[in-house]
Structure formats: C-alpha cells, structure tokens
Amino acid sequence: YTPDDFAKDAVQLLDALTIEQAIVVGHSMGSFVAQRIVAHAPERVSRLVLVGSAATARNPVTLELMEEVAALEDPVAADFVRAFQTSTIHRPVPEAFFEQIVVESRKVPARVWKAALAGLLDSDFAPGLEPIRCPTLVLGGDRDAVFAPSEQEQLARGIPGATIRIHRDIGHDPQWE
C-alpha cells in the first residue's frame with residue numbers, strides 16, 4: 001500500500017489498456033501516487049495535475065490522522081469517516097453526495113486505512129520532484145486543512161516550470177466544492 005506500489009499498478013494499467021502516454025491527475029494521496037508515476041515512467045506522462053498536494057505527506061495534520069487511524073477497527077465507524085471527510089471540505093457539498101462518500105469510504109477495511117496511510121507517511125517524495133519535466137499544475141484551495149497553501153507553494157517551487165493555482169475559499173477537495 002505504498003505510493004510506489006500504486007504507481008506501478010497505474011503504469012501496468014496503462015500497459016494493459018495500451019495507452020502510451022496520459023495526462024495524470026491525482027488528488028491528495030493520489031497526488032503522491034501521481035508524483036511516483038512520473039518518477040517511475042516519465043515518458044508515460046504528458047501532463048501532470050496535483051490537487052490538494054504537497055512536497056511531503058508528513059505534517060502535523062497527517063501525523064494526527066495516523067494516530068486516529070491506528071485505533072480503527074472493522075467496521076470503520078461512520079462517525080470517524082464523516083468527521084474525516086468533513087475536515088477536508090470548506091464549502092458545503094450536497095448532502096446526498098456527501099453521504100455517498102461516507103458509505104464508500106466505510107467499505108475500506110481498517111487494515112487498508114492503516115497500511116495506505118502508513119505507506120504514504122513513510123515515503124520520501126522530495127527527491128522525486130526535480131526530475132519532473134512535464135507541464136505540471138498544482139491546484140489547491142486556500143482553506144485546505146490538510147496541506148496549507150504554503151505547502152502547496154513549496155511543492156510547486158520544487159517542480160521545474162510548475163504552475164500553481166490556489167483558489168479562494170476552497171478546502172482540500174476542490175473537485176467536490
């Protein structure tokens with residue numbers, strides 16, 4: 001459950017679908033996977049979009065989340081999932097949509113929450129930024145409670161030629177808001 005494992009799976013999916021090159025978009029944990037796809041197979045990525053991301057996944061917010069996740073048991077409590085997902089948005093989203101997110105998130109077993117977050121936090125991403133040469137957009141919100149705008153800006157500075165767009169009054173999930 002490491003970003004490198006997920007990245008290798010994504011490249012294998014491109015192979016299986018006979019897609020030579022793709023625009024890769026990743027949000028939050030997926031943005032770190034997207035960074036690793038470029039590191040492993042730069043020729044396969046024509047453009048890169050990193051949403052709600054940073055140069056490293058380790059910060060006080062994610063470390064605190066790891067403490068909460070470490071205590072999870074199956075079935076994962078709806079209250080935990082609801083609180084976690086609520087913490088990622090700044091603007092309200094439609095209730096039915098949000099409740100479906102909670103339902104889908106609860107399908108993930110506690111062991112996967114634990115292993116995926118541990119794999120993310122144990123990975124070092126900084127050395128992988130400099131080699132990114134494809135056009136890259138770092139997209140985020142100024143109300144992101146997971147990765148602050150300063151963390152998003154640091155990410156953009158670490159990628160040669162990256163463009164950054166931080167939107168006002170948007171949280172960690174701009175695609176929802």
# chains A, B, ... in the order shown; residues from 1 in each chain; ligands from 1
$ residues_around --residues "range 116-121 of chain A" --least-positions-apart "6" --cutoff "12 Å" --atoms "only C-alpha atoms" --output "PyMOL selection string"
chain A and resi 1-6+28-33+36+55-70+108-110
$ residues_around --residues "range 37-46 of chain A" --least-positions-apart "2" --cutoff "8 Å" --atoms "only C-alpha atoms" --output "JSON, numbers by chain"
{"A": [4, 7, 8, 10, 11, 20, 21, 22, 23, 24, 33, 34, 35, 48, 128, 131, 132, 133, 134, 135]}
$ select_by_dssp --residues "chain A" --states "alpha helix (DSSP H)" --output "JSON, numbers by chain"
{"A": [3, 4, 5, 6, 7, 8, 9, 10, 11, 12, 13, 14, 15, 16, 29, 30, 31, 32, 33, 34, 35, 36, 37, 38, 39, 40, 60, 61, 62, 63, 64, 65, 66, 67, 68, 69, 70, 78, 79, 80, 81, 82, 83, 84, 85, 86, 87, 95, 96, 97, 98, 99, 100, 101, 102, 103, 104, 105, 106, 110, 111, 112, 113, 114, 115, 116, 117, 118, 119, 120, 121, 149, 150, 151, 152, 153, 154, 155, 156, 157, 158]}
$ residues_around --residues "range 97-107 of chain A" --least-positions-apart "4" --cutoff "7 Å" --atoms "only C-alpha atoms" --output "PyMOL selection string"
chain A and resi 76+78+81-82+93
$ residues_around --residues "range 152-156 of chain A" --least-positions-apart "4" --cutoff "12 Å" --atoms "only C-alpha atoms" --output "MDAnalysis selection string"
chainID A and resid 28 31:32 35 48:57 125:130 132 135:148 160:167 172
$ write_last_selection --atoms "C-alpha atoms" --output "compact mmCIF listing (two decimals), in the first residue's frame"
# COMPACT_ATOMS: atom_id res chain seq x y z
CA SER A 28 -4.39 14.10 -2.01
CA SER A 31 -1.30 13.19 -5.97
CA PHE A 32 1.62 11.45 -4.30
CA GLN A 35 4.31 12.02 -8.48
CA LEU A 48 0.58 16.27 -14.51
CA VAL A 49 -2.06 17.80 -12.23
CA LEU A 50 -1.52 17.60 -8.46
CA VAL A 51 -4.63 18.56 -6.46
CA GLY A 52 -4.55 19.12 -2.69
CA SER A 53 -0.92 18.10 -2.53
CA ALA A 54 2.45 18.95 -1.02
CA ALA A 55 6.13 18.08 -1.36
CA THR A 56 5.77 15.65 1.56
CA ALA A 57 2.76 13.95 3.10
CA PHE A 125 8.84 12.45 -2.12
CA ALA A 126 11.23 15.42 -2.20
CA PRO A 127 13.94 13.69 -4.27
CA GLY A 128 11.30 12.85 -6.88
CA LEU A 129 10.25 16.44 -7.66
CA GLU A 130 13.30 17.77 -9.51
CA ILE A 132 9.52 16.08 -13.17
CA PRO A 135 3.95 20.52 -17.73
CA THR A 136 2.61 20.45 -14.18
CA LEU A 137 -0.30 22.21 -12.50
CA VAL A 138 -0.51 22.34 -8.71
CA LEU A 139 -4.12 23.05 -7.81
CA GLY A 140 -5.43 23.75 -4.34
CA GLY A 141 -7.53 25.80 -2.01
CA ASP A 142 -6.55 28.49 0.44
CA ARG A 143 -8.70 26.77 3.09
CA ASP A 144 -7.08 23.35 2.69
CA ALA A 145 -6.95 21.90 6.21
CA VAL A 146 -4.62 19.04 5.20
CA PHE A 147 -1.96 20.78 3.10
CA ALA A 148 -1.71 24.51 3.69
CA PRO A 160 10.70 23.00 -12.61
CA GLY A 161 8.24 25.19 -14.51
CA ALA A 162 5.18 24.17 -12.46
CA THR A 163 2.14 26.42 -12.45
CA ILE A 164 0.23 26.88 -9.22
CA ARG A 165 -3.40 27.91 -8.76
CA ILE A 166 -4.69 28.38 -5.23
CA HIS A 167 -8.41 29.14 -5.19
CA HIS A 172 -8.78 20.15 0.41
$ residues_around --residues "Glu177 in chain A" --least-positions-apart "3" --cutoff "9 Å" --atoms "only C-alpha atoms" --output "number ranges by chain"
A: 89-93, 170-171, 173-174
$ atom_distance --atom1 "CA of Ala71 in chain A" --atom2 "CA of Trp113 in chain A"
10.5 Å
$ select_by_dssp --residues "range 12-79 of chain A" --states "strand (DSSP E)" --output "list in words"
Ala22, Ile23, Val24, Val25, Gly26, His27, Val45, Ser46, Arg47, Leu48, Val49, Leu50 and Val51 of chain A
$ atom_distance --atom1 "CA of Arg168 in chain A" --atom2 "CA of Phe84 in chain A"
21.6 Å
$ atom_distance --atom1 "CA of Arg111 in chain A" --atom2 "CA of Asp74 in chain A"
8.4 Å
$ closest_residue --among "A:Ala115, A:Ala96, A:Val25, A:Ile19" --to "Leu72 in chain A" --atoms "only C-alpha atoms"
A:Ala115
$ decode --residues "range 72-170 of chain A" --atoms "C-alpha atoms" --output "compact mmCIF listing (two decimals), in the first residue's frame"
# COMPACT_ATOMS: atom_id res chain seq x y z
CA LEU A 72 -9.62 1.98 13.77
CA GLU A 73 -11.40 -1.35 13.88
CA ASP A 74 -13.77 -3.03 11.47
CA PRO A 75 -16.30 -1.97 10.57
CA VAL A 76 -14.84 1.53 10.34
CA ALA A 77 -17.17 3.82 12.28
CA ALA A 78 -19.39 6.16 10.30
CA ASP A 79 -18.64 8.93 12.83
CA PHE A 80 -14.90 8.68 12.09
CA VAL A 81 -15.42 8.71 8.33
CA ARG A 82 -17.91 11.57 8.50
CA ALA A 83 -15.56 13.67 10.69
CA PHE A 84 -12.59 12.90 8.44
CA GLN A 85 -14.41 13.77 5.22
CA THR A 86 -15.97 16.89 6.78
CA SER A 87 -12.49 18.09 7.76
CA THR A 88 -11.42 18.08 4.11
CA ILE A 89 -14.05 20.50 2.80
CA HIS A 90 -14.55 24.18 3.40
CA ARG A 91 -17.75 24.80 1.43
CA PRO A 92 -20.79 22.60 1.92
CA VAL A 93 -21.47 19.94 -0.68
CA PRO A 94 -24.86 18.33 -1.43
CA GLU A 95 -25.93 16.11 1.46
CA ALA A 96 -26.73 13.07 -0.70
CA PHE A 97 -23.32 13.31 -2.39
CA PHE A 98 -21.55 13.61 0.96
CA GLU A 99 -23.44 10.66 2.45
CA GLN A 100 -22.43 8.54 -0.54
CA ILE A 101 -18.78 9.48 0.12
CA VAL A 102 -19.22 8.26 3.71
CA VAL A 103 -20.80 4.99 2.52
CA GLU A 104 -17.99 4.37 0.01
CA SER A 105 -15.24 5.28 2.49
CA ARG A 106 -16.63 2.83 5.05
CA LYS A 107 -16.17 -0.02 2.57
CA VAL A 108 -12.40 0.28 3.05
CA PRO A 109 -11.28 -2.11 5.83
CA ALA A 110 -9.39 -0.67 8.81
CA ARG A 111 -6.23 -2.57 7.82
CA VAL A 112 -6.20 -0.79 4.45
CA TRP A 113 -6.72 2.65 6.02
CA LYS A 114 -3.75 1.86 8.30
CA ALA A 115 -1.45 0.39 5.66
CA ALA A 116 -2.15 3.01 2.98
CA LEU A 117 -1.65 5.95 5.33
CA ALA A 118 1.48 4.37 6.84
CA GLY A 119 2.86 3.76 3.35
CA LEU A 120 2.16 7.36 2.41
CA LEU A 121 3.76 8.81 5.54
CA ASP A 122 6.81 6.55 5.29
CA SER A 123 7.56 7.65 1.71
CA ASP A 124 10.04 10.40 0.84
CA PHE A 125 8.84 12.45 -2.12
CA ALA A 126 11.23 15.42 -2.20
CA PRO A 127 13.94 13.69 -4.27
CA GLY A 128 11.30 12.85 -6.88
CA LEU A 129 10.25 16.44 -7.66
CA GLU A 130 13.30 17.77 -9.51
CA PRO A 131 13.15 15.18 -12.33
CA ILE A 132 9.52 16.08 -13.17
CA ARG A 133 9.80 17.70 -16.61
CA CYS A 134 6.28 17.52 -17.99
CA PRO A 135 3.95 20.52 -17.73
CA THR A 136 2.61 20.45 -14.18
CA LEU A 137 -0.30 22.21 -12.50
CA VAL A 138 -0.51 22.34 -8.71
CA LEU A 139 -4.12 23.05 -7.81
CA GLY A 140 -5.43 23.75 -4.34
CA GLY A 141 -7.53 25.80 -2.01
CA ASP A 142 -6.55 28.49 0.44
CA ARG A 143 -8.70 26.77 3.09
CA ASP A 144 -7.08 23.35 2.69
CA ALA A 145 -6.95 21.90 6.21
CA VAL A 146 -4.62 19.04 5.20
CA PHE A 147 -1.96 20.78 3.10
CA ALA A 148 -1.71 24.51 3.69
CA PRO A 149 -1.17 26.89 0.76
CA SER A 150 2.46 27.29 1.88
CA GLU A 151 2.94 23.51 1.49
CA GLN A 152 1.32 23.61 -1.95
CA GLU A 153 3.59 26.52 -2.93
CA GLN A 154 6.65 24.60 -1.73
CA LEU A 155 5.59 21.70 -3.96
CA ALA A 156 5.24 23.97 -6.99
CA ARG A 157 8.66 25.53 -6.34
CA GLY A 158 10.20 22.05 -6.29
CA ILE A 159 8.95 21.16 -9.78
CA PRO A 160 10.70 23.00 -12.61
CA GLY A 161 8.24 25.19 -14.51
CA ALA A 162 5.18 24.17 -12.46
CA THR A 163 2.14 26.42 -12.45
CA ILE A 164 0.23 26.88 -9.22
CA ARG A 165 -3.40 27.91 -8.76
CA ILE A 166 -4.69 28.38 -5.23
CA HIS A 167 -8.41 29.14 -5.19
CA ARG A 168 -10.03 31.31 -2.54
CA ASP A 169 -12.47 29.82 -0.05
CA ILE A 170 -11.83 26.25 -1.20
